[in-house]
$ cat start_24.txt   # compact mmCIF, C-alpha atoms and all ligand atoms
# COMPACT_ATOMS: atom_id res chain seq x y z
CA MET V 1 101.54 83.32 110.70
CA THR V 2 100.53 83.08 114.34
CA LEU V 3 101.30 85.44 117.20
CA ALA V 4 100.63 85.09 120.91
CA ILE V 5 100.76 88.05 123.27
CA VAL V 6 101.10 86.67 126.77
CA ASN V 7 101.56 87.84 130.32
CA CYS V 8 99.28 90.89 130.22
CA SER V 9 98.17 92.19 133.61
CA GLN V 10 94.96 93.37 131.93
CA VAL V 11 93.53 92.68 128.51
CA VAL V 12 91.03 95.51 128.09
CA THR V 13 88.78 93.68 125.62
CA LEU V 14 85.78 96.02 125.24
CA ALA V 15 83.86 92.80 124.58
CA GLY V 16 80.12 93.30 124.70
CA PRO V 17 77.02 93.66 122.57
CA ALA V 18 77.64 94.14 118.84
CA ARG V 19 76.51 97.77 118.82
CA PRO V 20 77.63 101.11 120.25
CA ARG V 21 77.65 101.14 124.06
CA VAL V 22 75.36 103.43 126.05
CA GLY V 23 74.78 104.38 129.67
CA ALA V 24 76.30 101.93 132.17
CA GLU V 25 77.61 99.79 129.30
CA MET V 26 80.24 102.47 128.71
CA SER V 27 81.80 101.51 132.05
CA ALA V 28 81.86 97.77 131.28
CA ILE V 29 85.15 97.50 129.40
CA GLY V 30 85.61 93.75 129.72
CA ILE V 31 88.90 93.50 131.58
CA LEU V 32 90.54 90.09 131.59
CA ALA V 33 93.19 89.86 134.33
CA ASN V 34 96.37 87.87 133.59
CA GLY V 35 95.21 87.53 130.02
CA ALA V 36 96.67 86.74 126.64
CA LEU V 37 95.73 86.83 122.96
CA PHE V 38 96.21 84.45 120.06
CA ILE V 39 96.36 85.95 116.56
CA ARG V 40 96.44 84.29 113.15
CA ASP V 41 96.93 86.06 109.79
CA GLY V 42 96.24 89.44 111.34
CA GLY V 43 92.98 88.44 113.00
CA ILE V 44 92.17 87.72 116.65
CA VAL V 45 91.47 84.02 117.16
CA GLN V 46 91.18 83.82 120.92
CA VAL V 47 91.39 86.01 124.00
CA GLY V 48 91.77 84.14 127.25
CA THR V 49 93.85 83.53 130.33
CA ASN V 50 97.58 82.98 129.99
CA ASP V 51 97.08 79.27 130.67
CA GLN V 52 94.46 78.91 127.94
CA ILE V 53 96.51 80.73 125.30
CA GLU V 54 99.78 78.98 126.16
CA LYS V 55 98.18 75.68 125.16
CA LEU V 56 97.77 77.02 121.60
CA ILE V 57 101.42 77.95 121.15
CA ASP V 58 103.47 75.69 118.88
CA GLY V 59 106.96 75.99 117.39
CA ASP V 60 105.95 78.34 114.56
CA CYS V 61 104.18 80.83 116.78
CA GLU V 62 105.82 84.18 117.55
CA VAL V 63 105.44 84.85 121.27
CA VAL V 64 105.48 88.37 122.72
CA ASP V 65 105.82 88.66 126.48
CA ALA V 66 103.93 91.80 127.55
CA GLY V 67 105.79 91.72 130.87
CA GLY V 68 102.73 92.44 132.99
CA ARG V 69 101.68 95.45 130.91
CA ILE V 70 98.15 96.09 129.62
CA VAL V 71 96.74 95.59 126.12
CA LEU V 72 94.00 97.70 124.54
CA PRO V 73 92.49 97.91 121.07
CA GLY V 74 94.22 100.55 118.95
CA PHE V 75 92.49 103.89 119.40
CA VAL V 76 89.96 104.80 116.71
CA ASP V 77 90.05 108.57 116.16
CA ALA V 78 86.70 109.40 114.58
CA HIS V 79 87.27 113.08 113.70
CA THR V 80 90.48 114.41 112.14
CA HIS V 81 91.60 116.89 109.48
CA PRO V 82 95.01 115.28 108.77
CA VAL V 83 95.91 116.54 105.26
CA PHE V 84 97.08 120.15 105.07
CA ALA V 85 100.16 122.13 104.11
CA GLY V 86 101.96 124.49 106.50
CA THR V 87 101.00 125.19 110.08
CA ARG V 88 99.17 128.02 111.83
CA VAL V 89 101.79 128.59 114.48
CA ASP V 90 101.74 132.36 113.74
CA GLU V 91 98.02 132.50 114.51
CA PHE V 92 98.69 130.44 117.62
CA GLU V 93 100.93 133.25 118.85
CA GLU V 94 98.31 135.86 117.90
CA ARG V 95 95.67 133.97 119.89
CA ILE V 96 98.00 133.80 122.87
CA LYS V 97 98.16 137.61 122.69
CA GLY V 98 94.36 137.91 122.65
CA ALA V 99 93.02 137.56 119.09
CA THR V 100 90.13 135.10 118.82
CA TYR V 101 89.75 132.20 116.38
CA GLN V 102 86.74 133.92 114.79
CA GLU V 103 88.52 137.29 114.45
CA ILE V 104 91.43 135.62 112.70
CA ALA V 105 89.03 133.78 110.37
CA ALA V 106 87.09 136.99 109.59
CA ARG V 107 90.21 138.69 108.26
CA GLY V 108 91.08 135.85 105.90
CA GLY V 109 93.26 133.79 108.21
CA GLY V 110 92.11 130.61 109.90
CA ILE V 111 90.89 127.83 107.64
CA GLN V 112 91.45 130.05 104.58
CA SER V 113 95.17 130.45 105.26
CA THR V 114 95.54 126.66 105.36
CA VAL V 115 93.46 126.41 102.17
CA ASN V 116 95.83 128.80 100.37
CA ARG V 117 98.87 126.72 101.28
CA THR V 118 97.16 123.40 100.64
CA ARG V 119 96.00 124.50 97.18
CA ALA V 120 99.61 125.39 96.33
CA ALA V 121 100.89 121.95 97.38
CA SER V 122 101.04 118.97 95.02
CA LEU V 123 99.50 115.58 95.73
CA ASP V 124 102.96 114.14 96.39
CA GLU V 125 103.81 116.96 98.78
CA LEU V 126 100.57 116.43 100.72
CA VAL V 127 101.24 112.70 100.96
CA ALA V 128 104.76 113.36 102.25
CA ILE V 129 103.46 115.80 104.88
CA GLY V 130 100.63 113.42 105.78
CA LYS V 131 103.06 110.55 106.37
CA ARG V 132 104.76 112.50 109.12
CA TYR V 133 101.42 112.92 110.90
CA ALA V 134 100.53 109.26 110.26
CA GLN V 135 103.60 108.31 112.26
CA TRP V 136 102.48 110.61 115.08
CA PHE V 137 99.08 108.90 115.23
CA LEU V 138 100.57 105.41 115.18
CA ARG V 139 103.17 106.17 117.83
CA ALA V 140 100.37 107.59 119.98
CA GLY V 141 98.51 104.29 119.81
CA THR V 142 95.93 105.18 117.15
CA THR V 143 95.45 102.62 114.37
CA THR V 144 92.39 104.05 112.53
CA ILE V 145 91.40 107.64 111.82
CA GLU V 146 88.47 109.29 110.12
CA ALA V 147 90.07 111.78 107.71
CA LYS V 148 88.33 114.86 106.33
CA SER V 149 89.17 116.86 103.23
CA GLY V 150 88.18 120.52 103.47
CA TYR V 151 91.36 122.49 102.78
CA GLY V 152 90.90 122.45 98.99
CA LEU V 153 87.45 124.01 98.47
CA SER V 154 87.54 123.58 94.69
CA LEU V 155 86.64 120.49 92.71
CA GLU V 156 90.20 119.69 91.78
CA ASP V 157 91.73 120.53 95.16
CA GLU V 158 89.13 118.59 97.16
CA ILE V 159 89.77 115.58 94.92
CA LYS V 160 93.52 116.08 95.44
CA LEU V 161 93.00 115.90 99.23
CA LEU V 162 90.82 112.79 99.02
CA ARG V 163 93.39 111.13 96.74
CA ALA V 164 96.09 112.00 99.26
CA ILE V 165 93.98 110.32 101.98
CA LYS V 166 93.60 107.21 99.79
CA ARG V 167 97.34 107.05 99.20
CA LEU V 168 98.08 107.53 102.90
CA ASP V 169 95.74 104.63 103.65
CA GLU V 170 97.60 102.46 101.13
CA GLU V 171 101.13 103.58 101.93
CA THR V 172 101.10 103.72 105.73
CA ALA V 173 100.06 101.27 108.46
CA LEU V 174 97.35 103.69 109.63
CA HIS V 175 93.79 103.03 108.35
CA TYR V 176 91.97 106.10 106.98
CA VAL V 177 88.18 106.42 106.65
CA PRO V 178 87.63 109.29 104.18
CA THR V 179 85.08 112.10 104.66
CA PHE V 180 84.31 114.83 102.12
CA LEU V 181 84.28 118.25 103.83
CA GLY V 182 84.06 120.60 100.86
CA ALA V 183 81.59 122.54 103.05
CA HIS V 184 84.30 123.59 105.52
CA SER V 185 84.30 127.28 104.55
CA ILE V 186 83.10 129.47 101.68
CA PRO V 187 86.25 130.24 99.66
CA PRO V 188 86.91 133.96 99.04
CA GLU V 189 86.19 133.78 95.30
CA TYR V 190 82.60 132.76 96.19
CA ARG V 191 81.99 135.14 99.13
CA ALA V 192 79.78 137.45 97.09
CA ARG V 193 77.86 134.54 95.54
CA ARG V 194 77.77 131.87 98.18
CA SER V 195 74.83 130.02 96.66
CA ASP V 196 77.07 129.29 93.65
CA TYR V 197 79.52 127.53 95.96
CA VAL V 198 76.71 125.45 97.47
CA SER V 199 75.66 124.54 93.91
CA LEU V 200 79.25 123.61 93.05
CA LEU V 201 79.32 121.30 96.07
CA ILE V 202 76.01 119.68 95.18
CA ASP V 203 76.15 119.58 91.39
CA ALA V 204 79.84 119.03 90.70
CA MET V 205 81.87 117.89 93.70
CA LEU V 206 79.50 115.40 95.36
CA PRO V 207 78.62 113.45 92.17
CA GLN V 208 82.27 113.07 91.15
CA ILE V 209 83.48 112.17 94.61
CA ALA V 210 80.72 109.63 95.07
CA GLN V 211 81.26 108.18 91.60
CA GLN V 212 85.00 107.80 92.19
CA LYS V 213 84.27 106.35 95.65
CA LEU V 214 86.65 108.83 97.27
CA ALA V 215 84.61 109.30 100.45
CA GLU V 216 82.40 107.24 102.77
CA PHE V 217 80.97 110.24 104.64
CA CYS V 218 80.09 113.88 104.00
CA ASP V 219 80.49 116.57 106.66
CA VAL V 220 79.44 120.25 106.85
CA PHE V 221 80.67 123.02 109.17
CA CYS V 222 77.24 124.32 110.26
CA GLU V 223 78.00 127.53 112.16
CA GLU V 224 77.30 131.26 112.24
CA ASN V 225 79.24 132.92 109.41
CA VAL V 226 80.10 129.55 107.87
CA PHE V 227 77.27 127.36 106.47
CA THR V 228 73.68 128.12 107.46
CA THR V 229 71.26 125.42 108.57
CA ASP V 230 69.49 125.65 105.24
CA GLU V 231 72.70 125.32 103.22
CA SER V 232 73.83 122.44 105.45
CA TRP V 233 70.47 120.73 104.90
CA ARG V 234 70.81 120.99 101.12
CA ILE V 235 74.39 119.71 101.06
CA LEU V 236 73.82 116.81 103.44
CA SER V 237 70.57 115.79 101.74
CA ALA V 238 72.40 115.63 98.42
CA ALA V 239 75.21 113.61 100.01
CA ARG V 240 72.68 111.16 101.38
CA CYS V 241 71.23 110.67 97.89
CA HIS V 242 74.72 109.67 96.75
CA GLY V 243 74.84 107.02 99.46
CA LEU V 244 77.29 108.83 101.73
CA GLY V 245 76.97 108.65 105.52
CA LEU V 246 76.52 112.01 107.24
CA ARG V 247 78.52 113.84 109.90
CA ILE V 248 78.16 117.48 110.94
CA HIS V 249 80.21 120.09 112.83
CA ALA V 250 77.44 121.47 115.06
CA ASP V 251 77.20 123.95 117.94
CA GLN V 252 80.98 124.41 118.15
CA LEU V 253 81.13 128.19 118.62
CA SER V 254 77.45 129.01 119.08
CA LEU V 255 74.13 127.22 119.53
CA GLY V 256 72.43 126.57 116.19
CA ALA V 257 70.11 124.02 114.63
CA GLY V 258 72.82 121.53 113.64
CA THR V 259 71.72 118.83 116.07
CA GLN V 260 68.09 119.08 114.89
CA LEU V 261 69.37 118.78 111.34
CA ALA V 262 71.53 115.77 112.20
CA ALA V 263 68.49 114.10 113.76
CA GLU V 264 66.17 114.96 110.89
CA LEU V 265 68.59 113.61 108.28
CA GLY V 266 69.60 110.52 110.28
CA ALA V 267 73.25 111.55 110.42
CA THR V 268 75.70 109.03 111.82
CA THR V 269 77.36 111.62 114.05
CA ALA V 270 77.06 115.20 115.27
CA ASP V 271 80.45 116.56 116.28
CA HIS V 272 81.75 119.22 118.73
CA LEU V 273 78.45 120.15 120.51
CA GLU V 274 80.10 122.57 122.95
CA HIS V 275 76.92 124.71 122.97
CA THR V 276 74.33 121.95 122.60
CA ASP V 277 71.41 122.20 125.04
CA ALA V 278 68.93 119.68 126.44
CA ALA V 279 66.70 119.93 123.35
CA GLY V 280 69.69 119.12 121.13
CA ILE V 281 70.61 116.12 123.26
CA ALA V 282 67.01 114.87 123.08
CA ALA V 283 67.01 115.27 119.29
CA LEU V 284 70.22 113.24 118.94
CA LYS V 285 68.79 110.56 121.21
CA SER V 286 65.52 110.27 119.31
CA ALA V 287 67.38 109.69 116.02
CA GLY V 288 70.24 107.52 117.36
CA VAL V 289 72.93 110.03 116.29
CA GLN V 290 76.31 109.50 117.99
CA PRO V 291 77.91 112.61 119.53
CA VAL V 292 81.63 113.00 118.76
CA LEU V 293 83.21 115.14 121.48
CA LEU V 294 86.46 116.99 120.82
CA PRO V 295 87.85 118.41 124.08
CA GLY V 296 91.26 118.99 122.47
CA SER V 297 89.80 121.83 120.41
CA VAL V 298 88.20 123.45 123.47
CA TYR V 299 91.50 123.22 125.32
CA ALA V 300 93.66 124.46 122.44
CA LEU V 301 91.36 127.42 121.77
CA GLY V 302 91.80 128.41 125.40
CA SER V 303 88.09 128.05 126.02
CA SER V 304 86.41 126.55 129.05
CA ARG V 305 83.15 125.74 127.28
CA TYR V 306 83.30 121.93 127.21
CA PRO V 307 80.33 119.90 125.92
CA ALA V 308 77.77 118.46 128.35
CA ALA V 309 79.17 114.95 128.15
CA ARG V 310 77.64 113.63 131.38
CA GLU V 311 74.18 114.72 130.33
CA MET V 312 74.74 112.97 126.99
CA ILE V 313 75.75 109.70 128.66
CA ASP V 314 72.86 109.98 131.11
CA ALA V 315 70.50 110.53 128.16
CA GLY V 316 71.70 107.24 126.66
CA LEU V 317 73.82 108.61 123.79
CA ALA V 318 76.69 106.44 122.50
CA VAL V 319 79.40 109.05 123.09
CA VAL V 320 82.58 109.09 120.99
CA LEU V 321 85.83 110.95 121.73
CA ALA V 322 88.23 112.17 119.04
CA THR V 323 91.20 114.52 118.65
CA ASP V 324 89.90 116.83 115.87
CA PHE V 325 93.57 116.91 114.78
CA ASN V 326 93.93 120.04 112.58
CA PRO V 327 96.32 123.00 112.27
CA GLY V 328 93.92 125.59 113.73
CA SER V 329 91.78 124.56 116.64
CA SER V 330 93.31 121.26 117.75
CA PRO V 331 96.90 120.48 116.85
CA THR V 332 97.15 117.16 118.68
CA PRO V 333 97.08 113.58 117.37
CA SER V 334 97.12 112.17 120.92
CA MET V 335 94.12 110.16 122.08
CA LEU V 336 95.86 109.77 125.44
CA THR V 337 95.69 113.56 125.85
CA ILE V 338 92.00 113.36 124.95
CA LEU V 339 91.43 110.69 127.63
CA SER V 340 92.95 113.03 130.20
CA LEU V 341 90.80 115.99 129.07
CA ALA V 342 87.72 113.77 128.99
CA ALA V 343 88.33 112.80 132.60
CA THR V 344 89.18 116.23 133.96
CA HIS V 345 86.76 118.39 131.93
CA LEU V 346 84.02 116.12 130.57
CA LYS V 347 83.84 114.11 133.81
CA LEU V 348 84.05 110.78 132.04
CA THR V 349 85.60 107.95 134.03
CA PRO V 350 88.67 106.35 132.45
CA ALA V 351 86.53 103.34 131.47
CA GLU V 352 83.87 105.50 129.79
CA ALA V 353 86.53 107.47 127.96
CA ILE V 354 88.20 104.29 126.67
CA THR V 355 84.85 103.01 125.38
CA ALA V 356 84.31 106.34 123.61
CA ALA V 357 87.80 106.16 122.06
CA THR V 358 87.58 102.58 120.79
CA ILE V 359 84.38 100.58 120.25
CA ASN V 360 81.95 103.53 120.07
CA ALA V 361 84.30 105.33 117.70
CA ALA V 362 84.54 102.21 115.51
CA TYR V 363 80.75 102.00 115.23
CA SER V 364 80.57 105.67 114.29
CA LEU V 365 82.75 104.82 111.27
CA ASN V 366 80.78 101.70 110.29
CA ARG V 367 83.75 99.61 111.45
CA GLY V 368 82.19 98.16 114.60
CA ALA V 369 82.23 94.62 113.25
CA GLN V 370 85.97 94.72 112.50
CA LEU V 371 87.58 97.16 114.96
CA GLY V 372 87.33 98.71 118.39
CA SER V 373 87.46 95.64 120.64
CA LEU V 374 89.66 92.61 121.24
CA GLU V 375 87.30 89.78 120.34
CA PRO V 376 87.65 86.71 118.12
CA GLY V 377 87.08 87.57 114.47
CA LYS V 378 88.25 91.17 114.76
CA ILE V 379 91.37 92.68 113.20
CA ALA V 380 94.37 92.51 115.54
CA ASP V 381 94.93 96.27 115.84
CA LEU V 382 96.19 96.60 119.39
CA VAL V 383 98.50 98.51 121.67
CA ILE V 384 100.56 97.42 124.66
CA HIS V 385 100.69 100.27 127.19
CA ASP V 386 103.39 100.45 129.85
CA THR V 387 101.25 100.26 132.97
CA ASP V 388 99.38 97.55 134.86
CA ASP V 389 96.23 99.61 135.49
CA TYR V 390 94.22 101.03 132.56
CA ARG V 391 93.06 104.00 134.65
CA GLU V 392 96.61 105.38 134.58
CA LEU V 393 96.17 106.17 130.86
CA ALA V 394 93.88 109.06 131.79
CA TYR V 395 95.55 109.81 135.11
CA PHE V 396 99.26 110.26 134.29
CA PHE V 397 99.00 112.85 131.55
CA GLY V 398 101.73 114.01 129.18
CA VAL V 399 103.27 110.55 129.51
CA ASP V 400 103.93 108.38 126.48
CA HIS V 401 102.30 105.20 127.81
CA VAL V 402 102.50 103.43 124.44
CA TRP V 403 104.94 100.51 124.57
CA SER V 404 104.25 98.89 121.19
CA VAL V 405 101.62 99.07 118.45
CA TYR V 406 100.31 96.27 116.21
CA ALA V 407 98.27 96.77 113.04
CA ALA V 408 96.64 93.58 111.77
CA GLY V 409 98.99 91.56 113.97
CA VAL V 410 102.17 93.21 112.68
CA ARG V 411 104.30 95.34 114.98
CA ILE V 412 104.54 98.80 113.47
CA SER V 413 105.80 100.90 116.37
O1 LIG U 501 86.80 121.05 113.81
N1 LIG U 501 85.42 123.78 112.99
C1 LIG U 501 85.85 123.58 111.88
N2 LIG U 501 86.90 122.85 111.56
C2 LIG U 501 87.96 122.51 112.43
C3 LIG U 501 89.01 123.58 112.49
C4 LIG U 501 89.74 123.66 111.23
C5 LIG U 501 90.80 124.70 111.20
O2 LIG U 501 90.81 125.65 112.00
O3 LIG U 501 91.67 124.56 110.32
C6 LIG U 501 87.45 122.08 113.79
O4 LIG U 501 87.67 122.74 114.82
FE FE U 502 86.72 119.31 113.00
$ encode --input "start_24.txt" --output "structure tokens" --more "lines below"
Ligand code: NIG
Ligand code: FE
Amino acid sequence: MTLAIVNCSQVVTLAGPARPRVGAEMSAIGILANGALFIRDGGIVQVGTNDQIEKLIDGDCEVVDAGGRIVLPGFVDAHTHPVFAGTRVDEFEERIKGATYQEIAARGGGIQSTVNRTRAASLDELVAIGKRYAQWFLRAGTTTIEAKSGYGLSLEDEIKLLRAIKRLDEETALHYVPTFLGAHSIPPEYRARRSDYVSLLIDAMLPQIAQQKLAEFCDVFCEENVFTTDESWRILSAARCHGLGLRIHADQLSLGAGTQLAAELGATTADHLEHTDAAGIAALKSAGVQPVLLPGSVYALGSSRYPAAREMIDAGLAVVLATDFNPGSSPTPSMLTILSLAATHLKLTPAEAITAATINAAYSLNRGAQLGSLEPGKIADLVIHDTDDYRELAYFFGVDHVWSVYAAGVRIS
């Protein structure tokens, strides 16, 4: 089973040091002009010039002529909430008319309204709904997503969501990296006794989820009126004892101590960071925490408070970009849209944004050795985009640049 992809105006390899890229490295995306790739059994064997690769082609090899288009690694979307029932299109209309995300949440809408519908859905129903979104991700050029639970908020419903994620990973061409987000909201039945919910998370949910190996990471929504710093500390510390990696929703709607907590606990990522200040950036730097920036949620909430991405890059943080795909704050699966927002609002160059959406994202999911760049030995997850200049991906927005998508060397879109 060999495959050659030839005649690419640019192979955007992201080749470089075997670690997340920082500072000026984020601009060095390893472009090979007039390049080609040779793939065997789903893995990349060689990346080189057309002439070099053509010498490897024999009669059994499938040859794809990219027609002067560009090839990139499949996008790695390191922050999504992709398993939920129903939509929140009614709340979308209310927000257009002036209601805020927090007001809607305070009266029992928001995350809770998705929880109600998701609890009522069966595992099979959630898998069927999730498959539709999996196709959206794949068609948009994303081949791996981090996938959070968090719309169950009971032992059995959180396990149902994580099982749905496992089935979606097995039954679709999209790769899912599962994260337990039981600490997404305090469910109404625990509002008057919130410490009991924290105990349920720590004493019942985490042990079972870890034992059944249903998650690789644990996340907490650390925010005013959601989980306090102290509660977040207890939950994430317990998760760490179970061997889970840590992620945290921090400083999304207000400045808190989430970044300090992420640093103290050695979290893999701190996500959102719209309100993070210089002290927070310094804390993330000192502990090597990767920031995951989600400009789609800022845009879709109609806010203009984007995170201080330039300061983060200048401080030497290995910035990641993701969609935050979810029914409330960020209903988009499109990493191309995120590249455009990153350029216009975060002031990342197209090259920096591509680094943040591929190799840095892969490292933030412990997949840096397998994914995120086009180098020998890596999995052949790649996308041919219909342009001859990678910068157009961030420049022409609202355009479906994706020409074809390969997962482990097999064309899937
Ligand atoms: O990342 N902030 C918390 N969680 C999601 C929103 C989830 C929802 O509104 O359903 C986010 O923005
Ligand atoms: Fe999120």
$ closest_residue --input "start_24.txt" --among "V:Phe75, V:Phe397, V:Trp403, V:Tyr197" --to "Ala357 in chain V" --atoms "all atoms listed in the file"
V:Phe75
$ closest_residue --input "start_24.txt" --among "V:Gly328, V:Gly109, V:Gly23, V:Gly48" --to "His81 in chain V" --atoms "all atoms listed in the file"
V:Gly328
$ closest_residue --input "start_24.txt" --among "V:Thr276, V:Ile104, V:Asp389, V:Leu214" --to "Gly68 in chain V" --atoms "all atoms listed in the file"
V:Asp389
$ residues_near_ligand --input "start_24.txt" --ligand "ligand FE 502 (chain U)" --cutoff "10 Å" --atoms "only C-alpha atoms and all ligand atoms" --output "compact mmCIF listing (two decimals) with C-alpha atoms, in the frame of the given file"
# COMPACT_ATOMS: atom_id res chain seq x y z
CA HIS V 79 87.27 113.08 113.70
CA THR V 80 90.48 114.41 112.14
CA HIS V 81 91.60 116.89 109.48
CA ALA V 147 90.07 111.78 107.71
CA LYS V 148 88.33 114.86 106.33
CA GLY V 150 88.18 120.52 103.47
CA LEU V 181 84.28 118.25 103.83
CA HIS V 184 84.30 123.59 105.52
CA ASP V 219 80.49 116.57 106.66
CA VAL V 220 79.44 120.25 106.85
CA PHE V 221 80.67 123.02 109.17
CA ILE V 248 78.16 117.48 110.94
CA HIS V 249 80.21 120.09 112.83
CA ALA V 250 77.44 121.47 115.06
CA GLN V 252 80.98 124.41 118.15
CA ASP V 271 80.45 116.56 116.28
CA HIS V 272 81.75 119.22 118.73
CA VAL V 292 81.63 113.00 118.76
CA LEU V 294 86.46 116.99 120.82
CA SER V 297 89.80 121.83 120.41
CA ALA V 322 88.23 112.17 119.04
CA THR V 323 91.20 114.52 118.65
CA ASP V 324 89.90 116.83 115.87
CA PHE V 325 93.57 116.91 114.78
CA ASN V 326 93.93 120.04 112.58
CA GLY V 328 93.92 125.59 113.73
CA SER V 329 91.78 124.56 116.64
CA SER V 330 93.31 121.26 117.75
$ residues_around --input "start_24.txt" --residues "His242 in chain V" --least-positions-apart "2" --cutoff "12 Å" --atoms "only C-alpha atoms" --output "mmCIF file with C-alpha atoms, in the coordinates of the input"
data_model
loop_
_atom_site.group_PDB
_atom_site.id
_atom_site.type_symbol
_atom_site.label_atom_id
_atom_site.label_comp_id
_atom_site.auth_asym_id
_atom_site.auth_seq_id
_atom_site.Cartn_x
_atom_site.Cartn_y
_atom_site.Cartn_z
ATOM 1 C CA ILE V 202 76.010 119.680 95.180
ATOM 2 C CA ASP V 203 76.150 119.580 91.390
ATOM 3 C CA MET V 205 81.870 117.890 93.700
ATOM 4 C CA LEU V 206 79.500 115.400 95.360
ATOM 5 C CA PRO V 207 78.620 113.450 92.170
ATOM 6 C CA GLN V 208 82.270 113.070 91.150
ATOM 7 C CA ILE V 209 83.480 112.170 94.610
ATOM 8 C CA ALA V 210 80.720 109.630 95.070
ATOM 9 C CA GLN V 211 81.260 108.180 91.600
ATOM 10 C CA GLN V 212 85.000 107.800 92.190
ATOM 11 C CA LYS V 213 84.270 106.350 95.650
ATOM 12 C CA LEU V 214 86.650 108.830 97.270
ATOM 13 C CA ALA V 215 84.610 109.300 100.450
ATOM 14 C CA GLU V 216 82.400 107.240 102.770
ATOM 15 C CA PHE V 217 80.970 110.240 104.640
ATOM 16 C CA CYS V 218 80.090 113.880 104.000
ATOM 17 C CA ILE V 235 74.390 119.710 101.060
ATOM 18 C CA LEU V 236 73.820 116.810 103.440
ATOM 19 C CA SER V 237 70.570 115.790 101.740
ATOM 20 C CA ALA V 238 72.400 115.630 98.420
ATOM 21 C CA ALA V 239 75.210 113.610 100.010
ATOM 22 C CA ARG V 240 72.680 111.160 101.380
ATOM 23 C CA LEU V 244 77.290 108.830 101.730
ATOM 24 C CA GLY V 245 76.970 108.650 105.520
ATOM 25 C CA LEU V 246 76.520 112.010 107.240
#
$ residues_near_point --input "start_24.txt" --point "(72.4, 128.2, 96.3)" --cutoff "12 Å" --atoms "only C-alpha atoms" --output "VMD selection string"
chain V and resid 190 192 to 203 227 to 228 230 to 235
$ atom_distance --input "start_24.txt" --atom1 "CA of Ile57 in chain V" --atom2 "CA of Ile44 in chain V"
14.2 Å
$ residues_around --input "start_24.txt" --residues "range 8-14 of chain V" --least-positions-apart "4" --cutoff "9 Å" --atoms "all atoms listed in the file" --output "ChimeraX atom specification"
/V:28-37,47-48,50,65-73,354-355,358-359,372-375,384,387-390
$ write_last_selection --input "start_24.txt" --atoms "C-alpha atoms" --output "PDB file, keeping the file's coordinate frame"
ATOM      1  CA  ALA V  28      81.860  97.770 131.280  1.00  0.00           C
ATOM      2  CA  ILE V  29      85.150  97.500 129.400  1.00  0.00           C
ATOM      3  CA  GLY V  30      85.610  93.750 129.720  1.00  0.00           C
ATOM      4  CA  ILE V  31      88.900  93.500 131.580  1.00  0.00           C
ATOM      5  CA  LEU V  32      90.540  90.090 131.590  1.00  0.00           C
ATOM      6  CA  ALA V  33      93.190  89.860 134.330  1.00  0.00           C
ATOM      7  CA  ASN V  34      96.370  87.870 133.590  1.00  0.00           C
ATOM      8  CA  GLY V  35      95.210  87.530 130.020  1.00  0.00           C
ATOM      9  CA  ALA V  36      96.670  86.740 126.640  1.00  0.00           C
ATOM     10  CA  LEU V  37      95.730  86.830 122.960  1.00  0.00           C
ATOM     11  CA  VAL V  47      91.390  86.010 124.000  1.00  0.00           C
ATOM     12  CA  GLY V  48      91.770  84.140 127.250  1.00  0.00           C
ATOM     13  CA  ASN V  50      97.580  82.980 129.990  1.00  0.00           C
ATOM     14  CA  ASP V  65     105.820  88.660 126.480  1.00  0.00           C
ATOM     15  CA  ALA V  66     103.930  91.800 127.550  1.00  0.00           C
ATOM     16  CA  GLY V  67     105.790  91.720 130.870  1.00  0.00           C
ATOM     17  CA  GLY V  68     102.730  92.440 132.990  1.00  0.00           C
ATOM     18  CA  ARG V  69     101.680  95.450 130.910  1.00  0.00           C
ATOM     19  CA  ILE V  70      98.150  96.090 129.620  1.00  0.00           C
ATOM     20  CA  VAL V  71      96.740  95.590 126.120  1.00  0.00           C
ATOM     21  CA  LEU V  72      94.000  97.700 124.540  1.00  0.00           C
ATOM     22  CA  PRO V  73      92.490  97.910 121.070  1.00  0.00           C
ATOM     23  CA  ILE V 354      88.200 104.290 126.670  1.00  0.00           C
ATOM     24  CA  THR V 355      84.850 103.010 125.380  1.00  0.00           C
ATOM     25  CA  THR V 358      87.580 102.580 120.790  1.00  0.00           C
ATOM     26  CA  ILE V 359      84.380 100.580 120.250  1.00  0.00           C
ATOM     27  CA  GLY V 372      87.330  98.710 118.390  1.00  0.00           C
ATOM     28  CA  SER V 373      87.460  95.640 120.640  1.00  0.00           C
ATOM     29  CA  LEU V 374      89.660  92.610 121.240  1.00  0.00           C
ATOM     30  CA  GLU V 375      87.300  89.780 120.340  1.00  0.00           C
ATOM     31  CA  ILE V 384     100.560  97.420 124.660  1.00  0.00           C
ATOM     32  CA  THR V 387     101.250 100.260 132.970  1.00  0.00           C
ATOM     33  CA  ASP V 388      99.380  97.550 134.860  1.00  0.00           C
ATOM     34  CA  ASP V 389      96.230  99.610 135.490  1.00  0.00           C
ATOM     35  CA  TYR V 390      94.220 101.030 132.560  1.00  0.00           C
TER      36      TYR V 390
END
$ atom_distance --input "start_24.txt" --atom1 "CA of Asp169 in chain V" --atom2 "CA of Ser404 in chain V"
20.3 Å
$ residues_around --input "start_24.txt" --residues "Gln135 in chain V" --least-positions-apart "3" --cutoff "10 Å" --atoms "all atoms listed in the file" --output "list in words"
Gly130, Lys131, Arg132, Leu138, Arg139, Ala140, Gly141, Thr142, Thr172, Ala173, Leu174, Pro333, Ile412 and Ser413 of chain V
$ closest_residue --input "start_24.txt" --among "V:Thr332, V:Gln46, V:Thr2, V:Gln290" --to "ligand LIG 501 (chain U)" --atoms "all atoms listed in the file"
V:Thr332
